[in-house]
Amino acid sequence: MRPFDVIGFALQSLGGNMVRTVLMLLAMAIGVAAVVLLTGIGNGAKLYIVDQFSSLGTNLVIVIPGRSDTASNMPATLVGETPRDLTLGDAKALERHASVRLLTPINLGEVYISWRGRERAVPLLGATAPLLQLYFLELERGTFLPEEDMESTRQVCVIGSKVRQELFGQQNALGELVRLGGFRCRVIGILASEGRSLGLDTEELVIVPVAFAQMLLNTEGLLRIFIEARDLKMMEELNTHIKTTIARRHYGEDDVTIITQDSVLAAFDKIFNVLTLTVAGIAGISLIVAGILIMNVMLMAVAQRTAEIGLCKALGAGQGQIMILLISEALVLSAIGGLIGLVLGFCGAWLAVQFYPTLQTTPPAWAILAALGTALGTGFLASLLPARRAAQLDPIQALARH
Amino acid sequence: MIALKQVSRLFTVGGQVVRAMDDVSLNIAAGEYVSIMGPSGSGKSTLLNIIGLLDTPNSGKYYLQGHDVTRLDDRQLAAVRNRTIGFIFQFFHLIPRLTAEQNIELPLLLAGVPRQERQARSASLLAAFGLAERKLHRPDELSGGQRQRVAIARAVINRPAILLADEPTGNLDSHSGGEIIDLMEQLNREGLTLIVVTHDPAIGQRASRRIRVVDGRIASDSSG
């Protein structure tokens, strides 16, 4: 038989029982759509996170107290062990180097803020002036933290727009004194509405000078130090500077973890790749289920079409040709189901973007190819047993069924 | 054309060996019109299946057009069936989802004949068999006689040398049955070797050579 005729014959056979065909197409299409959509969402989530981190600048270095390799591959702060605090002294020592463009020590905690009887709990971020550039923050009004010695405990704060709204309503907040923890503090700036950045809702944030934050939170240690290298080429030099400076100040102990943007991105990339593969695998199971359905229905079809198969044999079809006919039917079905699934998957991805515009659910090319390949492979494998059974039918017995 | 030499076909049924064909030797020349008759279970269908290469004997030799076809493999047997033998069945065996034209073209489709040639050949047969108006109809839209004519057209479309008919009128009224026999006899007169298995003595008697099978053996073989 000519290849084109084989496909035509397969289409005729599939058209001969529309209900059966539609059911099999549906199963295959759902499987492929699930793979495409889920990998798309996984990929979108990865792109979103990577984008968030990339927005901080690729030459960013984060110094965290504690060695990662002494605490199960995690910085000690994450597992509650802090062998030696990072201090403002450390931050100041690190600041004095040609490779450092911007640096800010960071502290984070929660305090109560109140103004004329209105009170609420807020996340408190202790930092210095360079945070504005490092975090790409924007001010709605006023000024950011003043450029001054990082040990200054000047009692000023920059508040998020939501905090301003809740405390001051329509009234002017700039220049007002608020009570922060046990201290009075002057509002010098209001952050623009930017939404979330690195897990912190900037609209609800209160930013104060880091030394003031240490007073408020009653700590001498820092959560971390953010450093931006002057140039990407100076990253290595900066790394060495951090290590030697910290070792000198910490009595020879190399007790900090240095995280570069690249390593964070690479880690996230790895995590999301595994997650995407996992969801693709789960979706792939539905393709296998579809394959089993195809096998089941094709076995029934062979039983129903026994006389037809016997006839084809009598008219000159060999075992190989009968197998080709049956396998082609499954492949044509899988291909059509796969294409419908692709369309459904892309429609689903498009719909997801309409609901969550920040999530760019673009299914990766490999997932599209893998889904189609798995659909065809499943169809092929699922058709082998029915095709073999059909090919081995005795034409006399097959024709006896009329 | 057809030469069977001491052919036997055994079946095992419920642990018992049944001799459906027992040491049968038979020669049929090209262009002959042969009827095979006999009671049910006598082995006449087995004989037809062996001649049609749908079944293979346990012993003996079968020469078709001078070639030993006893030991051909599945692919070779399929090719010989496609090119040399046409089948007509009692229950027509038309594929329900295909039109009359598509059913007729099936052997050519399996042989890999291009579409244009298939359509040309089926068109001439549809016209010759009075089915031109019915070519786009599906089997369930045709009468019994028309269905059998479609089946005969399908059997001869690949210009076989032999036409094998197993109870071709068994599922038809006497009028349609008569028309079908007339059509097959016309094909025989045009040179086709015609072998008909039938229960009906009236049809059997119309053949120029009549073979009677009883208990897997040829009980009589008469001509004229």
# chains A, B, ... in the order shown; residues from 1 in each chain; ligands from 1
>>> interface_residues(of="chain B", to="chain A", cutoff="6 Å", atoms="only C-alpha atoms", output="list in words")
Arg75, Ala78, Ala79, Arg81, Asn82, Arg97, Pro107, Leu110, Ala111 and Gly112 of chain B
>>> write_last_selection(atoms="all heavy atoms", output="mmCIF file, in the first residue's frame")
data_model
loop_
_atom_site.group_PDB
_atom_site.id
_atom_site.type_symbol
_atom_site.label_atom_id
_atom_site.label_comp_id
_atom_site.auth_asym_id
_atom_site.auth_seq_id
_atom_site.Cartn_x
_atom_site.Cartn_y
_atom_site.Cartn_z
ATOM 1 N N ARG B 75 3.762 -13.546 3.397
ATOM 2 C CA ARG B 75 3.793 -12.400 2.476
ATOM 3 C C ARG B 75 3.613 -12.857 1.030
ATOM 4 O O ARG B 75 2.880 -12.236 0.254
ATOM 5 C CB ARG B 75 5.148 -11.675 2.640
ATOM 6 C CG ARG B 75 5.163 -10.252 2.123
ATOM 7 C CD ARG B 75 6.473 -9.571 2.525
ATOM 8 N NE ARG B 75 7.640 -10.377 2.158
ATOM 9 C CZ ARG B 75 8.169 -10.401 0.942
ATOM 10 N NH1 ARG B 75 7.666 -9.666 -0.023
ATOM 11 N NH2 ARG B 75 9.230 -11.147 0.682
ATOM 12 N N ALA B 78 0.036 -13.938 0.443
ATOM 13 C CA ALA B 78 -0.831 -12.756 0.321
ATOM 14 C C ALA B 78 -0.710 -12.163 -1.077
ATOM 15 O O ALA B 78 -1.714 -11.779 -1.690
ATOM 16 C CB ALA B 78 -0.457 -11.725 1.378
ATOM 17 N N ALA B 79 0.513 -12.104 -1.587
ATOM 18 C CA ALA B 79 0.727 -11.523 -2.918
ATOM 19 C C ALA B 79 0.046 -12.375 -3.994
ATOM 20 O O ALA B 79 -0.573 -11.849 -4.922
ATOM 21 C CB ALA B 79 2.226 -11.403 -3.183
ATOM 22 N N ARG B 81 -2.543 -14.387 -3.563
ATOM 23 C CA ARG B 81 -3.997 -14.202 -3.401
ATOM 24 C C ARG B 81 -4.436 -12.908 -4.070
ATOM 25 O O ARG B 81 -5.456 -12.852 -4.752
ATOM 26 C CB ARG B 81 -4.369 -14.131 -1.909
ATOM 27 C CG ARG B 81 -4.509 -15.462 -1.220
ATOM 28 C CD ARG B 81 -5.305 -15.332 0.076
ATOM 29 N NE ARG B 81 -4.694 -14.459 1.051
ATOM 30 C CZ ARG B 81 -3.816 -14.841 1.978
ATOM 31 N NH1 ARG B 81 -3.460 -16.118 2.057
ATOM 32 N NH2 ARG B 81 -3.312 -13.978 2.817
ATOM 33 N N ASN B 82 -3.650 -11.867 -3.867
ATOM 34 C CA ASN B 82 -4.025 -10.558 -4.400
ATOM 35 C C ASN B 82 -4.041 -10.554 -5.932
ATOM 36 O O ASN B 82 -4.931 -9.969 -6.543
ATOM 37 C CB ASN B 82 -3.043 -9.508 -3.869
ATOM 38 C CG ASN B 82 -3.402 -8.100 -4.315
ATOM 39 O OD1 ASN B 82 -2.861 -7.594 -5.282
ATOM 40 N ND2 ASN B 82 -4.350 -7.490 -3.616
ATOM 41 N N ARG B 97 -18.281 0.888 6.151
ATOM 42 C CA ARG B 97 -18.056 2.342 6.126
ATOM 43 C C ARG B 97 -17.593 2.831 4.744
ATOM 44 O O ARG B 97 -17.525 4.035 4.503
ATOM 45 C CB ARG B 97 -17.016 2.730 7.172
ATOM 46 C CG ARG B 97 -15.661 2.162 6.923
ATOM 47 C CD ARG B 97 -14.612 2.641 7.884
ATOM 48 N NE ARG B 97 -13.350 2.035 7.545
ATOM 49 C CZ ARG B 97 -12.975 0.827 7.926
ATOM 50 N NH1 ARG B 97 -13.764 0.101 8.685
ATOM 51 N NH2 ARG B 97 -11.818 0.326 7.547
ATOM 52 N N PRO B 107 -8.784 -4.382 -3.256
ATOM 53 C CA PRO B 107 -7.602 -5.197 -3.620
ATOM 54 C C PRO B 107 -6.511 -4.361 -4.302
ATOM 55 O O PRO B 107 -5.321 -4.617 -4.116
ATOM 56 C CB PRO B 107 -8.171 -6.238 -4.595
ATOM 57 C CG PRO B 107 -9.630 -6.290 -4.284
ATOM 58 C CD PRO B 107 -10.003 -4.898 -3.879
ATOM 59 N N LEU B 110 -4.687 -2.384 -1.613
ATOM 60 C CA LEU B 110 -3.720 -3.226 -0.899
ATOM 61 C C LEU B 110 -2.500 -3.519 -1.765
ATOM 62 O O LEU B 110 -1.401 -3.708 -1.246
ATOM 63 C CB LEU B 110 -4.388 -4.544 -0.467
ATOM 64 C CG LEU B 110 -5.492 -4.411 0.588
ATOM 65 C CD1 LEU B 110 -6.244 -5.724 0.761
ATOM 66 C CD2 LEU B 110 -4.915 -3.967 1.931
ATOM 67 N N ALA B 111 -2.703 -3.551 -3.095
ATOM 68 C CA ALA B 111 -1.585 -3.844 -4.007
ATOM 69 C C ALA B 111 -0.755 -2.603 -4.300
ATOM 70 O O ALA B 111 0.257 -2.677 -4.989
ATOM 71 C CB ALA B 111 -2.139 -4.420 -5.310
ATOM 72 N N GLY B 112 -1.184 -1.446 -3.807
ATOM 73 C CA GLY B 112 -0.425 -0.212 -4.017
ATOM 74 C C GLY B 112 -0.626 0.394 -5.388
ATOM 75 O O GLY B 112 0.244 1.102 -5.896
#
>>> select_by_dssp(residues="segment 97-215 of chain B", states="strand (DSSP E)", output="list in words")
Ile162, Leu163, Leu164, Ala165, Asp166, Thr193, Leu194, Ile195, Val196, Val197, Arg209, Arg210, Ile211, Arg212, Val213 and Val214 of chain B
>>> write_last_selection(atoms="N, CA, C and O atoms", output="PDB file, in the first residue's frame")
ATOM      1  N   ILE B 162      -8.382 -16.896 -11.296  1.00  0.00           N
ATOM      2  CA  ILE B 162      -9.350 -17.821 -10.692  1.00  0.00           C
ATOM      3  C   ILE B 162     -10.370 -17.037  -9.870  1.00  0.00           C
ATOM      4  O   ILE B 162     -10.003 -16.121  -9.135  1.00  0.00           O
ATOM      5  N   LEU B 163     -11.643 -17.445 -10.008  1.00  0.00           N
ATOM      6  CA  LEU B 163     -12.690 -16.839  -9.177  1.00  0.00           C
ATOM      7  C   LEU B 163     -13.276 -17.942  -8.301  1.00  0.00           C
ATOM      8  O   LEU B 163     -13.783 -18.952  -8.819  1.00  0.00           O
ATOM      9  N   LEU B 164     -13.178 -17.758  -6.979  1.00  0.00           N
ATOM     10  CA  LEU B 164     -13.685 -18.765  -6.037  1.00  0.00           C
ATOM     11  C   LEU B 164     -14.930 -18.207  -5.359  1.00  0.00           C
ATOM     12  O   LEU B 164     -14.893 -17.113  -4.802  1.00  0.00           O
ATOM     13  N   ALA B 165     -16.018 -18.964  -5.427  1.00  0.00           N
ATOM     14  CA  ALA B 165     -17.265 -18.478  -4.836  1.00  0.00           C
ATOM     15  C   ALA B 165     -17.777 -19.509  -3.832  1.00  0.00           C
ATOM     16  O   ALA B 165     -17.957 -20.682  -4.171  1.00  0.00           O
ATOM     17  N   ASP B 166     -17.953 -19.041  -2.589  1.00  0.00           N
ATOM     18  CA  ASP B 166     -18.434 -19.939  -1.531  1.00  0.00           C
ATOM     19  C   ASP B 166     -19.906 -19.603  -1.257  1.00  0.00           C
ATOM     20  O   ASP B 166     -20.188 -18.564  -0.650  1.00  0.00           O
ATOM     21  N   THR B 193     -11.255 -18.850 -14.654  1.00  0.00           N
ATOM     22  CA  THR B 193     -11.545 -20.161 -14.065  1.00  0.00           C
ATOM     23  C   THR B 193     -12.514 -19.936 -12.908  1.00  0.00           C
ATOM     24  O   THR B 193     -12.237 -19.120 -12.027  1.00  0.00           O
ATOM     25  N   LEU B 194     -13.656 -20.645 -12.956  1.00  0.00           N
ATOM     26  CA  LEU B 194     -14.693 -20.385 -11.943  1.00  0.00           C
ATOM     27  C   LEU B 194     -14.930 -21.642 -11.118  1.00  0.00           C
ATOM     28  O   LEU B 194     -15.207 -22.724 -11.661  1.00  0.00           O
ATOM     29  N   ILE B 195     -14.783 -21.514  -9.803  1.00  0.00           N
ATOM     30  CA  ILE B 195     -15.028 -22.641  -8.903  1.00  0.00           C
ATOM     31  C   ILE B 195     -16.078 -22.187  -7.886  1.00  0.00           C
ATOM     32  O   ILE B 195     -15.870 -21.200  -7.177  1.00  0.00           O
ATOM     33  N   VAL B 196     -17.203 -22.908  -7.864  1.00  0.00           N
ATOM     34  CA  VAL B 196     -18.320 -22.510  -7.004  1.00  0.00           C
ATOM     35  C   VAL B 196     -18.628 -23.629  -6.012  1.00  0.00           C
ATOM     36  O   VAL B 196     -18.849 -24.777  -6.414  1.00  0.00           O
ATOM     37  N   VAL B 197     -18.617 -23.297  -4.738  1.00  0.00           N
ATOM     38  CA  VAL B 197     -19.069 -24.250  -3.719  1.00  0.00           C
ATOM     39  C   VAL B 197     -20.531 -23.930  -3.446  1.00  0.00           C
ATOM     40  O   VAL B 197     -20.885 -22.772  -3.203  1.00  0.00           O
ATOM     41  N   ARG B 209     -18.296 -28.851 -14.998  1.00  0.00           N
ATOM     42  CA  ARG B 209     -17.671 -29.965 -14.280  1.00  0.00           C
ATOM     43  C   ARG B 209     -18.163 -29.933 -12.838  1.00  0.00           C
ATOM     44  O   ARG B 209     -18.143 -28.884 -12.186  1.00  0.00           O
ATOM     45  N   ARG B 210     -18.602 -31.084 -12.361  1.00  0.00           N
ATOM     46  CA  ARG B 210     -19.227 -31.135 -11.038  1.00  0.00           C
ATOM     47  C   ARG B 210     -18.465 -32.135 -10.151  1.00  0.00           C
ATOM     48  O   ARG B 210     -18.325 -33.303 -10.533  1.00  0.00           O
ATOM     49  N   ILE B 211     -17.984 -31.591  -9.031  1.00  0.00           N
ATOM     50  CA  ILE B 211     -17.237 -32.453  -8.103  1.00  0.00           C
ATOM     51  C   ILE B 211     -18.079 -32.609  -6.842  1.00  0.00           C
ATOM     52  O   ILE B 211     -18.604 -31.622  -6.312  1.00  0.00           O
ATOM     53  N   ARG B 212     -18.202 -33.873  -6.382  1.00  0.00           N
ATOM     54  CA  ARG B 212     -18.958 -34.117  -5.139  1.00  0.00           C
ATOM     55  C   ARG B 212     -17.970 -34.584  -4.072  1.00  0.00           C
ATOM     56  O   ARG B 212     -17.162 -35.500  -4.296  1.00  0.00           O
ATOM     57  N   VAL B 213     -18.000 -33.896  -2.923  1.00  0.00           N
ATOM     58  CA  VAL B 213     -17.077 -34.220  -1.832  1.00  0.00           C
ATOM     59  C   VAL B 213     -17.877 -34.860  -0.698  1.00  0.00           C
ATOM     60  O   VAL B 213     -18.922 -34.340  -0.289  1.00  0.00           O
ATOM     61  N   VAL B 214     -17.377 -35.977  -0.221  1.00  0.00           N
ATOM     62  CA  VAL B 214     -18.007 -36.641   0.930  1.00  0.00           C
ATOM     63  C   VAL B 214     -16.894 -37.109   1.863  1.00  0.00           C
ATOM     64  O   VAL B 214     -15.922 -37.733   1.407  1.00  0.00           O
TER      65      VAL B 214
END
>>> closest_residue(among="A:Gly89, A:Gly117, A:Gly338, A:Pro130", to="Ile227 of chain A", atoms="only C-alpha atoms")
A:Pro130
>>> residues_around(residues="segment 261-277 of chain A", least_positions_apart="5", cutoff="8 Å", atoms="only C-alpha atoms", output="list in words")
Leu38, Thr39, Gly42, Asn43, Ala45, Lys46, Ile49, Val50, Phe53, Ser54, Gly57, Thr58, Asn59, Leu60 and Val61 of chain A
>>> closest_residue(among="A:Val332, A:Cys185, A:Val302, A:Val100", to="Ala387 of chain A", atoms="only C-alpha atoms")
A:Val302
>>> atom_distance(atom1="atom CA of Asp22 of chain B", atom2="atom CA of Lys61 of chain B")
12.9 Å
>>> residues_around(residues="Ala247 of chain A", least_positions_apart="6", cutoff="12 Å", atoms="only C-alpha atoms", output="PyMOL selection string")
chain A and resi 84+86+90+93-94+240-241+253-257
>>> residues_around(residues="Ile336 of chain A", least_positions_apart="6", cutoff="9 Å", atoms="only C-alpha atoms", output="number ranges by chain")
A: 25, 28-29
>>> atom_distance(atom1="atom CA of Ile203 of chain B", atom2="atom CA of Ile104 of chain B")
25.2 Å
>>> residues_around(residues="segment 66-70 of chain B", least_positions_apart="5", cutoff="12 Å", atoms="only C-alpha atoms", output="list in words")
Met1, Ile2, Ala3, Leu4, Lys5, Val7, Ser8, Asn27, Ile28, Ala29, Ala30, Ile50, Ile51, Gly52, Leu53, Leu54, Asp55, Thr56, Pro57, Asn58, Ser59, Gly60, Lys61, Gln76, Leu77, Ala78, Ala79, Val80 and Arg81 of chain B
>>> select_by_dssp(residues="segment 203-319 of chain A", states="helix (DSSP H, G or I)", output="count of residues only")
82
>>> residues_around(residues="Met215 of chain A", least_positions_apart="5", cutoff="10 Å", atoms="only C-alpha atoms", output="list in words")
Thr153, Gly181, Gly182, Phe183, Val210 and Glu220 of chain A
>>> closest_residue(among="A:Thr358, A:Ser114, A:Thr260, A:Ser286", to="Gln52 of chain A", atoms="only C-alpha atoms")
A:Thr358
>>> atom_distance(atom1="atom CA of Arg186 of chain A", atom2="atom CA of Val156 of chain A")
4.6 Å
>>> closest_residue(among="A:Gly142, A:Ala34, A:Leu325, A:Glu237", to="Gly175 of chain A", atoms="only C-alpha atoms")
A:Gly142
>>> closest_residue(among="A:Val353, A:Ala390, A:Ala91, A:Ile106", to="Leu222 of chain A", atoms="only C-alpha atoms")
A:Ile106
>>> decode(residues="segment 25-36 of chain A", atoms="all heavy atoms", output="compact mmCIF listing (two decimals), in the first residue's frame")
# COMPACT_ATOMS: atom_id res chain seq x y z
N LEU A 25 -9.42 10.51 21.00
CA LEU A 25 -8.81 11.82 20.71
C LEU A 25 -8.80 12.68 21.97
O LEU A 25 -7.81 13.34 22.28
CB LEU A 25 -9.60 12.55 19.62
CG LEU A 25 -9.32 12.14 18.18
CD1 LEU A 25 -10.21 12.93 17.24
CD2 LEU A 25 -7.87 12.38 17.82
N LEU A 26 -9.91 12.64 22.68
CA LEU A 26 -10.05 13.44 23.89
C LEU A 26 -8.99 13.04 24.92
O LEU A 26 -8.31 13.90 25.50
CB LEU A 26 -11.45 13.23 24.46
CG LEU A 26 -11.95 14.27 25.44
CD1 LEU A 26 -12.08 15.62 24.75
CD2 LEU A 26 -13.30 13.86 26.01
N ALA A 27 -8.85 11.74 25.11
CA ALA A 27 -7.87 11.24 26.10
C ALA A 27 -6.47 11.71 25.72
O ALA A 27 -5.71 12.20 26.56
CB ALA A 27 -7.94 9.73 26.16
N MET A 28 -6.14 11.57 24.44
CA MET A 28 -4.80 11.95 23.99
C MET A 28 -4.61 13.46 24.09
O MET A 28 -3.58 13.95 24.54
CB MET A 28 -4.64 11.47 22.55
CG MET A 28 -3.23 11.35 22.06
SD MET A 28 -2.09 10.59 23.20
CE MET A 28 -2.12 8.90 22.70
N ALA A 29 -5.65 14.20 23.68
CA ALA A 29 -5.56 15.66 23.69
C ALA A 29 -5.39 16.19 25.12
O ALA A 29 -4.58 17.09 25.36
CB ALA A 29 -6.80 16.27 23.05
N ILE A 30 -6.13 15.62 26.05
CA ILE A 30 -6.03 16.08 27.45
C ILE A 30 -4.62 15.83 27.98
O ILE A 30 -4.03 16.68 28.64
CB ILE A 30 -7.10 15.40 28.33
CG1 ILE A 30 -8.48 15.97 27.99
CG2 ILE A 30 -6.81 15.60 29.81
CD1 ILE A 30 -9.64 15.25 28.64
N GLY A 31 -4.09 14.66 27.66
CA GLY A 31 -2.73 14.33 28.11
C GLY A 31 -1.71 15.32 27.59
O GLY A 31 -0.89 15.86 28.35
N VAL A 32 -1.77 15.60 26.29
CA VAL A 32 -0.80 16.52 25.69
C VAL A 32 -1.02 17.94 26.23
O VAL A 32 -0.07 18.65 26.56
CB VAL A 32 -0.92 16.49 24.14
CG1 VAL A 32 -0.09 17.60 23.51
CG2 VAL A 32 -0.46 15.14 23.61
N ALA A 33 -2.30 18.34 26.33
CA ALA A 33 -2.59 19.69 26.84
C ALA A 33 -2.06 19.85 28.26
O ALA A 33 -1.51 20.90 28.61
CB ALA A 33 -4.09 19.95 26.80
N ALA A 34 -2.20 18.79 29.07
CA ALA A 34 -1.73 18.86 30.46
C ALA A 34 -0.21 19.06 30.48
O ALA A 34 0.30 19.90 31.24
CB ALA A 34 -2.10 17.59 31.21
N VAL A 35 0.51 18.32 29.64
CA VAL A 35 1.97 18.47 29.61
C VAL A 35 2.34 19.89 29.19
O VAL A 35 3.16 20.56 29.83
CB VAL A 35 2.60 17.44 28.63
CG1 VAL A 35 4.08 17.74 28.45
CG2 VAL A 35 2.42 16.02 29.14
N VAL A 36 1.71 20.36 28.13
CA VAL A 36 2.04 21.68 27.58
C VAL A 36 1.72 22.77 28.61
O VAL A 36 2.54 23.65 28.88
CB VAL A 36 1.26 21.92 26.27
CG1 VAL A 36 1.39 23.37 25.82
CG2 VAL A 36 1.80 21.00 25.18
